[in-house]
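Below is structure.csv, holding CSV, C-alpha atoms.
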```csv
chain,number,residue,atom,x,y,z
E,1,MET,CA,0.0,0.0,0.0
E,2,VAL,CA,1.4,3.4,-1.0
E,3,LEU,CA,0.7,6.4,1.3
E,4,LEU,CA,0.5,9.8,-0.3
E,5,PRO,CA,1.5,13.0,1.5
E,6,THR,CA,-1.4,14.9,3.0
E,7,ASP,CA,-1.1,17.9,0.5
E,8,ARG,CA,-1.0,15.4,-2.4
E,9,MET,CA,-4.2,13.8,-1.1
E,10,ASP,CA,-5.9,17.2,-0.8
E,11,SER,CA,-5.0,18.1,-4.4
E,12,LEU,CA,-6.5,14.8,-5.7
E,13,PHE,CA,-9.9,15.3,-4.0
E,14,SER,CA,-10.2,19.1,-4.2
E,15,PRO,CA,-12.8,20.6,-6.5
E,16,ARG,CA,-11.6,21.7,-10.0
E,17,CYS,CA,-10.9,25.4,-10.1
E,18,VAL,CA,-12.1,28.0,-12.6
E,19,TRP,CA,-10.6,31.5,-12.7
E,20,VAL,CA,-13.2,34.1,-13.7
E,21,ASN,CA,-11.8,37.2,-15.3
E,22,GLY,CA,-14.7,39.3,-14.1
E,23,PRO,CA,-17.7,39.0,-11.8
E,24,ILE,CA,-19.3,35.8,-10.8
E,25,ILE,CA,-23.1,36.1,-11.0
E,26,VAL,CA,-25.2,33.7,-9.0
E,27,GLY,CA,-28.7,33.3,-10.5
E,28,ALA,CA,-30.0,33.5,-14.1
E,29,GLY,CA,-33.4,35.0,-13.4
E,30,PRO,CA,-34.4,38.4,-14.7
E,31,SER,CA,-32.1,40.1,-12.2
E,32,GLY,CA,-29.0,38.1,-13.2
E,33,LEU,CA,-29.9,38.5,-16.9
E,34,ALA,CA,-30.2,42.2,-16.5
E,35,VAL,CA,-26.7,42.5,-14.9
E,36,ALA,CA,-25.2,40.2,-17.5
E,37,ALA,CA,-26.6,42.3,-20.4
E,38,CYS,CA,-25.4,45.6,-18.8
E,39,LEU,CA,-21.9,44.1,-18.2
E,40,ARG,CA,-21.7,43.1,-21.8
E,41,GLU,CA,-22.4,46.7,-22.7
E,42,GLN,CA,-19.6,47.8,-20.4
E,43,GLY,CA,-17.2,45.3,-22.0
E,44,VAL,CA,-16.8,43.3,-18.8
E,45,PRO,CA,-16.5,39.5,-18.9
E,46,TYR,CA,-18.4,37.4,-16.4
E,47,VAL,CA,-19.7,33.9,-15.6
E,48,ILE,CA,-23.3,33.3,-14.6
E,49,LEU,CA,-24.2,30.3,-12.4
E,50,GLU,CA,-27.7,28.8,-12.4
E,51,ARG,CA,-28.9,25.8,-10.4
E,52,ALA,CA,-31.8,25.0,-12.8
E,53,ASP,CA,-31.6,23.9,-16.4
E,54,CYS,CA,-33.1,27.1,-17.9
E,55,ILE,CA,-33.2,30.8,-17.4
E,56,ALA,CA,-35.9,32.3,-15.2
E,57,SER,CA,-36.8,29.0,-13.7
E,58,LEU,CA,-39.4,30.6,-11.3
E,59,TRP,CA,-41.3,31.8,-14.3
E,60,ALA,CA,-40.7,28.8,-16.5
E,61,LYS,CA,-41.4,26.0,-13.9
E,62,ARG,CA,-43.1,27.5,-10.8
E,63,THR,CA,-45.9,29.7,-12.1
E,64,TYR,CA,-49.5,28.9,-12.9
E,65,ASP,CA,-50.8,28.9,-16.5
E,66,ARG,CA,-53.1,32.0,-16.3
E,67,LEU,CA,-50.5,34.2,-14.7
E,68,LYS,CA,-49.9,37.6,-16.3
E,69,LEU,CA,-47.7,40.5,-15.3
E,70,HIS,CA,-49.5,42.4,-12.6
E,71,LEU,CA,-48.1,45.7,-13.8
E,72,PRO,CA,-48.1,47.4,-17.2
E,73,LYS,CA,-45.2,46.2,-19.4
E,74,GLN,CA,-43.3,49.4,-19.4
E,75,PHE,CA,-42.7,48.9,-15.7
E,76,CYS,CA,-41.4,45.3,-16.2
E,77,GLU,CA,-38.9,45.6,-19.0
E,78,LEU,CA,-35.2,44.8,-18.5
E,79,PRO,CA,-32.5,47.3,-19.4
E,80,ARG,CA,-31.7,48.0,-23.0
E,81,MET,CA,-34.6,46.1,-24.5
E,82,PRO,CA,-38.3,47.1,-24.4
E,83,PHE,CA,-41.1,44.6,-24.8
E,84,PRO,CA,-42.3,44.1,-28.4
E,85,ASP,CA,-44.9,46.6,-29.6
E,86,HIS,CA,-47.4,43.9,-30.3
E,87,TYR,CA,-47.4,42.6,-26.7
E,88,PRO,CA,-50.5,43.5,-24.7
E,89,GLU,CA,-50.2,45.9,-21.8
E,90,TYR,CA,-50.1,43.0,-19.4
E,91,PRO,CA,-48.0,40.2,-21.0
E,92,THR,CA,-48.9,36.6,-20.3
E,93,ARG,CA,-46.5,34.2,-18.6
E,94,ALA,CA,-45.6,32.6,-21.9
E,95,GLN,CA,-44.9,36.0,-23.5
E,96,PHE,CA,-42.7,37.1,-20.6
E,97,ILE,CA,-40.7,33.9,-20.9
E,98,ASP,CA,-40.3,34.5,-24.6
E,99,TYR,CA,-39.1,38.0,-23.9
E,100,LEU,CA,-36.5,36.7,-21.5
E,101,GLU,CA,-35.3,34.1,-24.0
E,102,ASP,CA,-35.0,36.8,-26.6
E,103,TYR,CA,-33.2,39.0,-24.1
E,104,ALA,CA,-30.6,36.3,-23.3
E,105,SER,CA,-30.1,35.6,-27.0
E,106,LYS,CA,-29.7,39.3,-27.9
E,107,PHE,CA,-27.0,39.9,-25.3
E,108,GLU,CA,-25.4,36.4,-25.8
E,109,ILE,CA,-26.0,35.4,-22.2
E,110,LYS,CA,-25.0,31.7,-21.7
E,111,PRO,CA,-25.3,30.6,-18.1
E,112,GLU,CA,-23.7,27.6,-16.6
E,113,PHE,CA,-26.9,25.5,-16.0
E,114,ASN,CA,-27.4,22.7,-13.4
E,115,CYS,CA,-24.8,24.4,-11.3
E,116,THR,CA,-25.8,24.7,-7.7
E,117,VAL,CA,-23.9,27.0,-5.4
E,118,GLN,CA,-23.1,25.3,-2.2
E,119,SER,CA,-21.1,28.1,-0.6
E,120,ALA,CA,-19.5,31.4,-1.4
E,121,ARG,CA,-17.0,33.2,0.8
E,122,TYR,CA,-14.4,35.9,0.5
E,123,ASP,CA,-10.8,34.9,1.0
E,124,GLU,CA,-9.1,37.7,2.9
E,125,THR,CA,-5.6,36.3,2.1
E,126,SER,CA,-6.0,36.3,-1.7
E,127,GLY,CA,-8.6,39.1,-1.9
E,128,LEU,CA,-10.8,36.8,-4.0
E,129,TRP,CA,-14.3,35.2,-3.9
E,130,ARG,CA,-14.4,31.4,-3.8
E,131,VAL,CA,-17.7,30.0,-5.0
E,132,LEU,CA,-18.1,26.2,-4.5
E,133,THR,CA,-20.6,24.5,-6.8
E,134,SER,CA,-21.9,21.1,-7.6
E,135,GLY,CA,-23.7,19.6,-10.6
E,136,PRO,CA,-24.8,16.3,-12.0
E,137,ASP,CA,-22.5,16.5,-15.0
E,138,SER,CA,-19.7,18.8,-13.8
E,139,GLY,CA,-19.3,17.5,-10.3
E,140,ASP,CA,-17.7,19.8,-7.7
E,141,MET,CA,-16.3,23.0,-9.1
E,142,GLU,CA,-14.8,26.1,-7.5
E,143,TYR,CA,-15.1,29.4,-9.3
E,144,ILE,CA,-12.7,32.1,-8.2
E,145,GLY,CA,-12.9,35.8,-9.0
E,146,ARG,CA,-12.5,39.3,-7.7
E,147,TRP,CA,-16.3,40.1,-7.7
E,148,LEU,CA,-19.5,38.4,-6.7
E,149,VAL,CA,-23.0,39.4,-7.8
E,150,VAL,CA,-25.8,37.8,-5.7
E,151,ALA,CA,-28.8,37.6,-8.1
E,152,THR,CA,-30.8,34.8,-6.6
E,153,GLY,CA,-33.6,37.3,-5.6
E,154,GLU,CA,-36.4,37.3,-3.2
E,155,ASN,CA,-38.2,34.3,-4.4
E,156,ALA,CA,-35.6,31.5,-4.3
E,157,GLU,CA,-37.4,29.1,-1.9
E,158,SER,CA,-41.1,28.3,-1.3
E,159,VAL,CA,-42.5,29.0,2.1
E,160,ILE,CA,-44.9,26.6,3.8
E,161,PRO,CA,-45.9,27.6,7.4
E,162,ASP,CA,-45.6,25.1,10.2
E,163,ILE,CA,-49.3,24.4,11.1
E,164,PRO,CA,-50.1,21.7,13.6
E,165,GLY,CA,-51.5,18.5,12.1
E,166,LEU,CA,-50.5,19.2,8.5
E,167,GLU,CA,-48.6,16.0,8.1
E,168,GLY,CA,-51.7,14.0,9.0
E,169,PHE,CA,-54.0,15.7,6.4
E,170,ASP,CA,-55.4,13.1,4.0
E,171,GLY,CA,-56.0,15.4,1.1
E,172,LYS,CA,-53.5,16.8,-1.5
E,173,VAL,CA,-51.2,19.5,-0.2
E,174,THR,CA,-49.1,21.7,-2.5
E,175,HIS,CA,-47.5,25.1,-2.7
E,176,VAL,CA,-48.6,27.5,-5.3
E,177,SER,CA,-45.2,27.1,-7.0
E,178,ASN,CA,-46.4,23.6,-8.1
E,179,TYR,CA,-49.9,24.7,-9.1
E,180,LYS,CA,-50.6,25.0,-12.8
E,181,SER,CA,-54.4,25.0,-13.4
E,182,GLY,CA,-57.7,24.5,-11.5
E,183,GLU,CA,-58.6,21.7,-14.0
E,184,ALA,CA,-57.0,19.2,-11.7
E,185,TYR,CA,-59.2,20.3,-8.8
E,186,ARG,CA,-62.6,20.4,-10.7
E,187,GLY,CA,-65.5,19.4,-8.4
E,188,THR,CA,-63.3,19.5,-5.2
E,189,SER,CA,-63.2,21.7,-2.1
E,190,VAL,CA,-59.9,23.5,-1.9
E,191,LEU,CA,-58.5,25.6,1.0
E,192,VAL,CA,-56.2,28.3,-0.3
E,193,VAL,CA,-53.9,29.6,2.5
E,194,GLY,CA,-52.9,33.1,1.7
E,195,CYS,CA,-54.7,36.2,0.2
E,196,GLY,CA,-52.0,38.0,-1.7
E,197,ASN,CA,-52.0,38.3,-5.5
E,198,SER,CA,-51.2,34.6,-5.9
E,199,GLY,CA,-53.9,33.5,-3.4
E,200,MET,CA,-56.5,35.7,-5.0
E,201,GLU,CA,-55.7,34.6,-8.5
E,202,VAL,CA,-55.5,30.9,-7.7
E,203,SER,CA,-58.8,31.1,-5.9
E,204,LEU,CA,-60.3,32.8,-9.1
E,205,ASP,CA,-58.7,30.1,-11.3
E,206,LEU,CA,-60.1,27.3,-9.1
E,207,CYS,CA,-63.6,28.9,-9.3
E,208,ASP,CA,-63.4,29.2,-13.1
E,209,HIS,CA,-62.6,25.5,-13.3
E,210,GLY,CA,-65.5,24.3,-11.2
E,211,ALA,CA,-63.8,23.9,-7.8
E,212,ARG,CA,-65.1,25.2,-4.5
E,213,PRO,CA,-62.3,27.4,-3.0
E,214,ALA,CA,-62.1,28.9,0.4
E,215,MET,CA,-59.4,31.5,0.9
E,216,VAL,CA,-57.7,32.1,4.3
E,217,VAL,CA,-57.4,35.8,5.2
E,218,ARG,CA,-55.4,36.0,8.4
E,219,ASP,CA,-54.3,39.6,8.4
E,220,ALA,CA,-55.6,43.0,7.1
E,221,VAL,CA,-54.9,43.5,3.4
E,222,HIS,CA,-55.1,46.3,0.8
E,223,VAL,CA,-57.0,45.3,-2.3
E,224,LEU,CA,-56.9,47.8,-5.2
E,225,PRO,CA,-58.6,47.8,-8.6
E,226,ARG,CA,-56.1,46.9,-11.3
E,227,GLU,CA,-57.3,49.9,-13.3
E,228,VAL,CA,-59.2,53.1,-12.7
E,229,LEU,CA,-61.0,54.6,-15.7
E,230,GLY,CA,-58.8,52.5,-18.0
E,231,LYS,CA,-55.6,53.7,-16.3
E,232,SER,CA,-53.3,51.3,-14.4
E,233,THR,CA,-53.6,52.0,-10.7
E,234,PHE,CA,-49.9,51.5,-10.3
E,235,GLU,CA,-49.1,53.9,-13.1
E,236,LEU,CA,-51.5,56.5,-11.5
E,237,ALA,CA,-49.7,56.1,-8.2
E,238,VAL,CA,-46.3,56.6,-9.8
E,239,LEU,CA,-47.6,59.8,-11.5
E,240,LEU,CA,-49.0,61.2,-8.3
E,241,MET,CA,-45.8,60.4,-6.4
E,242,ARG,CA,-44.0,62.9,-8.6
E,243,TRP,CA,-46.1,65.8,-7.2
E,244,LEU,CA,-47.5,64.6,-3.9
E,245,PRO,CA,-46.1,63.1,-0.6
E,246,LEU,CA,-46.6,59.4,-0.1
E,247,TRP,CA,-49.2,59.7,2.6
E,248,ILE,CA,-51.5,61.8,0.4
E,249,VAL,CA,-51.1,59.4,-2.5
E,250,ASP,CA,-52.0,56.6,-0.1
E,251,LYS,CA,-55.2,58.3,0.9
E,252,ILE,CA,-56.1,58.9,-2.7
E,253,MET,CA,-55.5,55.2,-3.5
E,254,VAL,CA,-57.7,54.0,-0.6
E,255,ILE,CA,-60.5,56.4,-1.6
E,256,LEU,CA,-60.4,55.3,-5.2
E,257,ALA,CA,-60.4,51.6,-4.1
E,258,TRP,CA,-63.5,52.3,-1.9
E,259,ILE,CA,-65.3,54.0,-4.8
E,260,VAL,CA,-64.5,51.3,-7.3
E,261,LEU,CA,-64.6,48.2,-5.1
E,262,GLY,CA,-66.9,49.3,-2.2
E,263,ASP,CA,-66.6,48.4,1.5
E,264,LEU,CA,-64.5,45.2,1.5
E,265,ALA,CA,-64.8,44.8,5.3
E,266,LYS,CA,-68.3,43.3,4.6
E,267,LEU,CA,-66.5,40.5,2.6
E,268,GLY,CA,-64.0,39.8,5.4
E,269,LEU,CA,-61.2,41.8,3.9
E,270,ARG,CA,-60.1,44.5,6.4
E,271,ARG,CA,-57.7,47.2,5.3
E,272,PRO,CA,-54.5,47.9,7.3
E,273,ALA,CA,-54.1,51.2,9.1
E,274,ALA,CA,-51.0,52.0,7.1
E,275,GLY,CA,-51.5,52.9,3.4
E,276,PRO,CA,-50.7,50.5,0.5
E,277,LEU,CA,-47.6,52.4,-0.6
E,278,GLU,CA,-46.3,52.9,2.9
E,279,LEU,CA,-46.5,49.1,3.6
E,280,LYS,CA,-44.8,48.4,0.3
E,281,GLU,CA,-42.1,51.0,1.2
E,282,THR,CA,-41.5,49.8,4.7
E,283,HIS,CA,-42.3,46.1,4.8
E,284,GLY,CA,-42.3,45.0,1.2
E,285,ARG,CA,-46.0,44.0,1.3
E,286,THR,CA,-47.5,44.4,-2.1
E,287,PRO,CA,-51.1,45.5,-2.4
E,288,VAL,CA,-53.4,43.0,-4.1
E,289,LEU,CA,-54.8,43.9,-7.5
E,290,ASP,CA,-58.2,42.6,-8.2
E,291,TYR,CA,-58.6,40.6,-11.4
E,292,GLY,CA,-62.2,39.4,-10.8
E,293,ALA,CA,-61.9,37.5,-7.6
E,294,LEU,CA,-63.9,40.0,-5.6
E,295,ALA,CA,-67.0,39.4,-7.8
E,296,HIS,CA,-66.8,35.7,-7.0
E,297,ILE,CA,-66.4,36.5,-3.3
E,298,ARG,CA,-69.5,38.6,-3.4
E,299,ALA,CA,-71.4,35.9,-5.2
E,300,GLY,CA,-70.4,33.3,-2.6
E,301,ASP,CA,-68.3,31.3,-5.1
E,302,ILE,CA,-65.1,32.0,-3.1
E,303,ALA,CA,-65.5,31.7,0.7
E,304,VAL,CA,-63.4,33.9,3.0
E,305,VAL,CA,-62.2,32.2,6.2
E,306,PRO,CA,-60.0,33.2,9.1
E,307,ALA,CA,-56.6,31.7,10.0
E,308,VAL,CA,-56.0,28.0,10.2
E,309,LYS,CA,-55.6,26.8,13.8
E,310,ARG,CA,-54.7,23.2,13.0
E,311,PHE,CA,-55.4,20.4,10.7
E,312,ALA,CA,-57.5,17.7,12.3
E,313,LYS,CA,-58.0,14.1,11.4
E,314,GLY,CA,-58.6,13.0,7.8
E,315,ASP,CA,-59.7,16.0,5.7
E,316,GLN,CA,-60.7,18.3,8.6
E,317,VAL,CA,-59.4,21.8,9.2
E,318,GLU,CA,-60.0,23.7,12.4
E,319,LEU,CA,-60.2,27.5,11.9
E,320,ALA,CA,-59.3,30.3,14.3
E,321,ASP,CA,-63.0,31.0,14.9
E,322,GLY,CA,-63.7,27.4,16.1
E,323,ARG,CA,-65.3,26.1,12.9
E,324,VAL,CA,-64.2,22.7,11.6
E,325,LEU,CA,-64.5,22.4,7.8
E,326,ASN,CA,-63.7,19.6,5.4
E,327,PHE,CA,-61.4,20.0,2.3
E,328,ASP,CA,-60.2,17.7,-0.4
E,329,ALA,CA,-57.0,19.7,-1.0
E,330,VAL,CA,-54.9,22.6,0.4
E,331,ILE,CA,-52.8,25.0,-1.7
E,332,PHE,CA,-50.3,27.2,0.2
E,333,ALA,CA,-50.1,30.7,-1.5
E,334,THR,CA,-47.7,31.7,1.3
E,335,GLY,CA,-45.0,33.2,-0.8
E,336,TYR,CA,-41.3,32.8,-1.1
E,337,ARG,CA,-38.1,33.8,0.6
E,338,SER,CA,-34.4,34.5,-0.1
E,339,ASN,CA,-32.0,31.6,0.2
E,340,VAL,CA,-28.8,33.7,0.5
E,341,PRO,CA,-28.2,32.8,4.2
E,342,GLN,CA,-27.9,29.1,3.2
E,343,TRP,CA,-24.8,29.6,1.0
E,344,LEU,CA,-23.2,33.1,1.4
E,345,GLN,CA,-20.7,33.0,4.2
E,346,GLY,CA,-18.6,35.4,6.2
E,347,THR,CA,-20.4,38.7,5.4
E,348,ASP,CA,-22.9,40.8,7.3
E,349,PHE,CA,-24.1,42.7,4.2
E,350,PHE,CA,-27.4,40.6,4.3
E,351,ASN,CA,-29.7,40.2,7.3
E,352,LYS,CA,-30.9,36.9,8.6
E,353,ASP,CA,-33.8,36.9,6.2
E,354,GLY,CA,-31.5,37.2,3.2
E,355,TYR,CA,-32.1,40.9,2.3
E,356,PRO,CA,-29.4,43.6,2.2
E,357,LYS,CA,-29.4,45.5,5.5
E,358,THR,CA,-29.2,48.8,3.6
E,359,ALA,CA,-32.5,49.8,2.1
E,360,PHE,CA,-33.1,50.6,-1.6
E,361,PRO,CA,-31.7,52.5,-3.5
E,362,HIS,CA,-28.4,51.9,-1.6
E,363,GLY,CA,-28.5,48.2,-1.0
E,364,TRP,CA,-26.8,47.1,-4.2
E,365,LYS,CA,-23.2,47.3,-3.2
E,366,GLY,CA,-21.3,45.8,-0.3
E,367,GLN,CA,-17.6,45.5,0.7
E,368,ALA,CA,-14.8,43.5,-1.0
E,369,GLY,CA,-16.4,43.3,-4.4
E,370,LEU,CA,-19.9,42.1,-3.3
E,371,TYR,CA,-23.0,43.2,-5.1
E,372,ALA,CA,-26.7,42.4,-4.8
E,373,VAL,CA,-29.6,42.7,-7.3
E,374,GLY,CA,-33.2,41.6,-7.1
E,375,PHE,CA,-33.7,42.4,-3.5
E,376,THR,CA,-35.4,45.8,-3.7
E,377,ARG,CA,-39.0,44.6,-3.1
E,378,ARG,CA,-39.9,46.8,-6.0
E,379,GLY,CA,-40.3,44.2,-8.7
E,380,LEU,CA,-38.5,44.2,-12.0
E,381,SER,CA,-38.2,47.9,-12.2
E,382,GLY,CA,-36.1,48.0,-9.0
E,383,ALA,CA,-34.0,45.1,-10.1
E,384,SER,CA,-33.3,46.8,-13.5
E,385,ALA,CA,-32.3,50.0,-11.8
E,386,ASP,CA,-29.8,48.2,-9.6
E,387,ALA,CA,-28.5,46.1,-12.5
E,388,VAL,CA,-27.6,49.3,-14.3
E,389,ARG,CA,-25.8,50.7,-11.2
E,390,ILE,CA,-23.9,47.5,-10.6
E,391,ALA,CA,-22.7,47.2,-14.2
E,392,LYS,CA,-21.6,50.8,-14.4
E,393,ASP,CA,-19.7,50.5,-11.1
E,394,LEU,CA,-18.1,47.2,-12.1
E,395,GLY,CA,-17.2,48.6,-15.5
E,396,ASN,CA,-15.2,51.4,-13.8
E,397,VAL,CA,-13.6,49.1,-11.2
E,398,TRP,CA,-12.8,46.3,-13.7
E,399,ARG,CA,-11.1,48.6,-16.1
E,400,GLU,CA,-9.0,50.2,-13.3
E,401,GLU,CA,-8.0,46.9,-11.6
E,402,THR,CA,-7.2,45.0,-14.9
E,403,LYS,CA,-4.8,47.6,-16.3
E,404,PRO,CA,-1.7,45.9,-17.7
E,405,THR,CA,0.4,47.1,-14.8
E,406,LYS,CA,-1.7,45.2,-12.3
E,407,ARG,CA,-1.7,41.5,-11.7
E,408,ALA,CA,-4.7,39.4,-10.6
E,409,GLY,CA,-4.5,37.5,-7.3
E,410,ALA,CA,-3.1,34.0,-7.3
E,411,CYS,CA,-5.3,31.0,-7.5
E,412,HIS,CA,-4.2,28.5,-4.8
E,413,ARG,CA,-5.8,25.5,-6.4
E,414,ARG,CA,-5.4,23.9,-9.8
E,415,CYS,CA,-7.1,26.2,-12.4
E,416,ILE,CA,-8.3,24.4,-15.5
E,417,SER,CA,-9.9,27.2,-17.5
E,418,VAL,CA,-10.4,30.9,-18.0
E,419,VAL,CA,-13.9,32.2,-18.4
E,420,PHE,CA,-14.6,35.2,-20.7
```
Rewrite the structure of this file - the entire thing - as structure tokens.
Amino acid sequence: MVLLPTDRMDSLFSPRCVWVNGPIIVGAGPSGLAVAACLREQGVPYVILERADCIASLWAKRTYDRLKLHLPKQFCELPRMPFPDHYPEYPTRAQFIDYLEDYASKFEIKPEFNCTVQSARYDETSGLWRVLTSGPDSGDMEYIGRWLVVATGENAESVIPDIPGLEGFDGKVTHVSNYKSGEAYRGTSVLVVGCGNSGMEVSLDLCDHGARPAMVVRDAVHVLPREVLGKSTFELAVLLMRWLPLWIVDKIMVILAWIVLGDLAKLGLRRPAAGPLELKETHGRTPVLDYGALAHIRAGDIAVVPAVKRFAKGDQVELADGRVLNFDAVIFATGYRSNVPQWLQGTDFFNKDGYPKTAFPHGWKGQAGLYAVGFTRRGLSGASADAVRIAKDLGNVWREETKPTKRAGACHRRCISVVF
């Protein structure tokens, strides 16, 4: 038996190493694509790592069929490429995916797919980021570079609350990320847990397909009409914000909602004390835009129920008001969360929930070459704005730090390729 020295053993089993002559972007959703496109415009090379086998996997694989953009298309386009003129004001899910595919093609964005980031940490000794990945084909790899762009966004992981008795529920249990259409639920009673935009729209879709949905409304919620007199409510709010303070715009939005939608408290939908824009600004809580669900709630086709206390035996669900109801299925429309704390190590730039500690518009840049995009809680427009800032800043820094007189830091493991 031949014994190898310890350092030789380490080299044999260490991950293969890739030097990246530019930033390492983690995530090929809209935020990552936007940064990549802007970097190309700046002439900065990069590598983009994506755990799925396609771009924008949330949209491609974890959204329901009837989904459309909730805001007018001009507020959802990525930098340097508007939506096609023939697209409707609210593009469909399929149209938005096509737009992203065309965007990636136009800017020649080619992510490393099936590449899951296990950890990323800044090496103080070398002054470099070390990103350890794994994949079914590539195995373990370590990408090393001067800059790291976190673009995994706010919706990386599905959230299902821990409710007593859920594991014993006999019916079908799923998260909205796995829901496609109400056709599979035709003729059944379905409990939809959550009353945000997804909860409202899934309840409407279930109703349209002949199911009997009941929607859990645990907290107060702002519901606004999608349009007022043919004008997008969001666009109207943006226009008013140019001239009026936020609190006045909030009052106008609430009054308009009351005029158009009526008193929603009678339907079991209480409004929060804080205005819709204030809640969005301070807590990231997006107001619900009505697409027709309210009409079905008024007609009794969609029931509104309080919070779930526990799941009882079989198909029974006990509610906070003491009622016990029977359901064939449960769909959790309880949102998503960031997964940054699971893999980013050794930095206090992000809080425990995986969001930058510094609020928008200053939360896009950290220390030691760290950047973040897609965490503004302002949708695609916020992500696009940060992508432009990041690319401009990186363009300046990259050109300065890669002058011929300067040398890149040493790679301490075997480097097998250079990425441009």
Q. Which distance in Å separates atom CA of Leu246 of chain E and atom CA of Thr233 of chain E, to one decimal?
A.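 It comes out at 14.7 Å.
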**Message:** I'd like the neighbourhood of Leu128 of chain E as a ChimeraX atom specification, where a residue qualifies if any of its atoms comes within 8 Å (using all atoms listed in the file), though same-chain residues fewer than 3 positions away should be ignored.
**Reply:** /E:122-124,144-147,409
- request: Would you be able to write out as a PyMOL selection string which residues have an atom within 10 Å of (-56.4, 36.5, -12.1) in the file's coordinates, counting all atoms listed in the file?
  value: chain E and resi 66-68+70+197-205+289-293
Between atom CA of Leu294 of chain E and atom CA of Arg218 of chain E lies a distance of 16.9 Å
The distance between atom CA of Lys180 of chain E and atom CA of Arg298 of chain E is 25.1 Å
query = Any idea what's packed within 9 Å of His175 of chain E, counting all atoms listed in the file, ignoring anything in its chain fewer than 2 positions away? Could you give it as a PyMOL selection string?
reply = chain E and resi 158-160+173+177-179+330-335
> Near segment 252-264 of chain E, counting only C-alpha atoms, which residues have an atom at most 12 Å away, once you skip same-chain residues fewer than 3 positions from it, shown as a PyMOL selection string?
Replying inline: chain E and resi 220-229+232-238+240-241+244-249+267-278+287-295+297-298+304
Please provide as a compact mmCIF listing (two decimals) with C-alpha atoms, in the frame of the given file all residues within 10 Å of Ala60 of chain E, with the sequence filter that same-chain residues fewer than 3 positions apart are discarded (counting all atoms listed in the file).
```
# COMPACT_ATOMS: atom_id res chain seq x y z
CA CYS E 54 -33.10 27.10 -17.90
CA ILE E 55 -33.20 30.80 -17.40
CA ALA E 56 -35.90 32.30 -15.20
CA SER E 57 -36.80 29.00 -13.70
CA THR E 63 -45.90 29.70 -12.10
CA TYR E 64 -49.50 28.90 -12.90
CA ARG E 93 -46.50 34.20 -18.60
CA ALA E 94 -45.60 32.60 -21.90
CA PHE E 96 -42.70 37.10 -20.60
CA ILE E 97 -40.70 33.90 -20.90
CA ASP E 98 -40.30 34.50 -24.60
```
Mind running segment 267-356 of chain E against segment 368-385 of chain E at 12 Å and telling me each contacting residue's nearest atom pair with the distance in Å (one decimal), counting all atoms listed in the file, chain and number ascending, as a tab-separated table?
```
residue	atom	partner	partner_atom	distance
E:Leu277	CA	E:Arg378	CA	10.9
E:Leu279	CA	E:Arg377	CA	11.0
E:Lys280	CA	E:Arg377	CA	7.7
E:Glu281	CA	E:Arg377	CA	8.3
E:Thr282	CA	E:Arg377	CA	9.7
E:His283	CA	E:Arg377	CA	8.7
E:Gly284	CA	E:Arg377	CA	5.4
E:Arg285	CA	E:Arg377	CA	8.3
E:Thr286	CA	E:Arg377	CA	8.6
E:Pro287	CA	E:Arg378	CA	11.8
E:Arg337	CA	E:Phe375	CA	10.5
E:Ser338	CA	E:Phe375	CA	8.6
E:Asn339	CA	E:Phe375	CA	11.5
E:Val340	CA	E:Ala372	CA	10.4
E:Leu344	CA	E:Leu370	CA	10.7
E:Gln345	CA	E:Leu370	CA	11.8
E:Gly346	CA	E:Ala368	CA	11.5
E:Thr347	CA	E:Leu370	CA	9.4
E:Asp348	CA	E:Leu370	CA	11.1
E:Phe349	CA	E:Leu370	CA	8.6
E:Phe350	CA	E:Ala372	CA	9.3
E:Asn351	CA	E:Phe375	CA	11.7
E:Asp353	CA	E:Phe375	CA	11.2
E:Gly354	CA	E:Phe375	CA	8.8
E:Tyr355	CA	E:Phe375	CA	6.2
E:Pro356	CA	E:Phe375	CA	7.2
```
Excluding Asp315 of chain E and its own-chain neighbours fewer than 4 positions away, which residues fall within 8 Å of it when counting all atoms listed in the file? Please give them as a compact mmCIF listing (two decimals) with C-alpha atoms, in the frame of the given file.
```
# COMPACT_ATOMS: atom_id res chain seq x y z
CA PHE E 169 -54.00 15.70 6.40
CA ASP E 170 -55.40 13.10 4.00
CA GLY E 171 -56.00 15.40 1.10
CA PHE E 311 -55.40 20.40 10.70
CA ASN E 326 -63.70 19.60 5.40
CA PHE E 327 -61.40 20.00 2.30
CA ASP E 328 -60.20 17.70 -0.40
```
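Nearest-residue note for Val20 of chain E: choosing from E:Val47, E:Ala104, E:Leu78, E:Ala329, the minimum distance belongs to E:Val47, counting all atoms listed in the file.
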In terms of all atoms listed in the file, the residue from E:Gln316, E:Ser126, E:Ser31, E:Thr133 at minimal distance from Val150 of chain E is E:Ser31
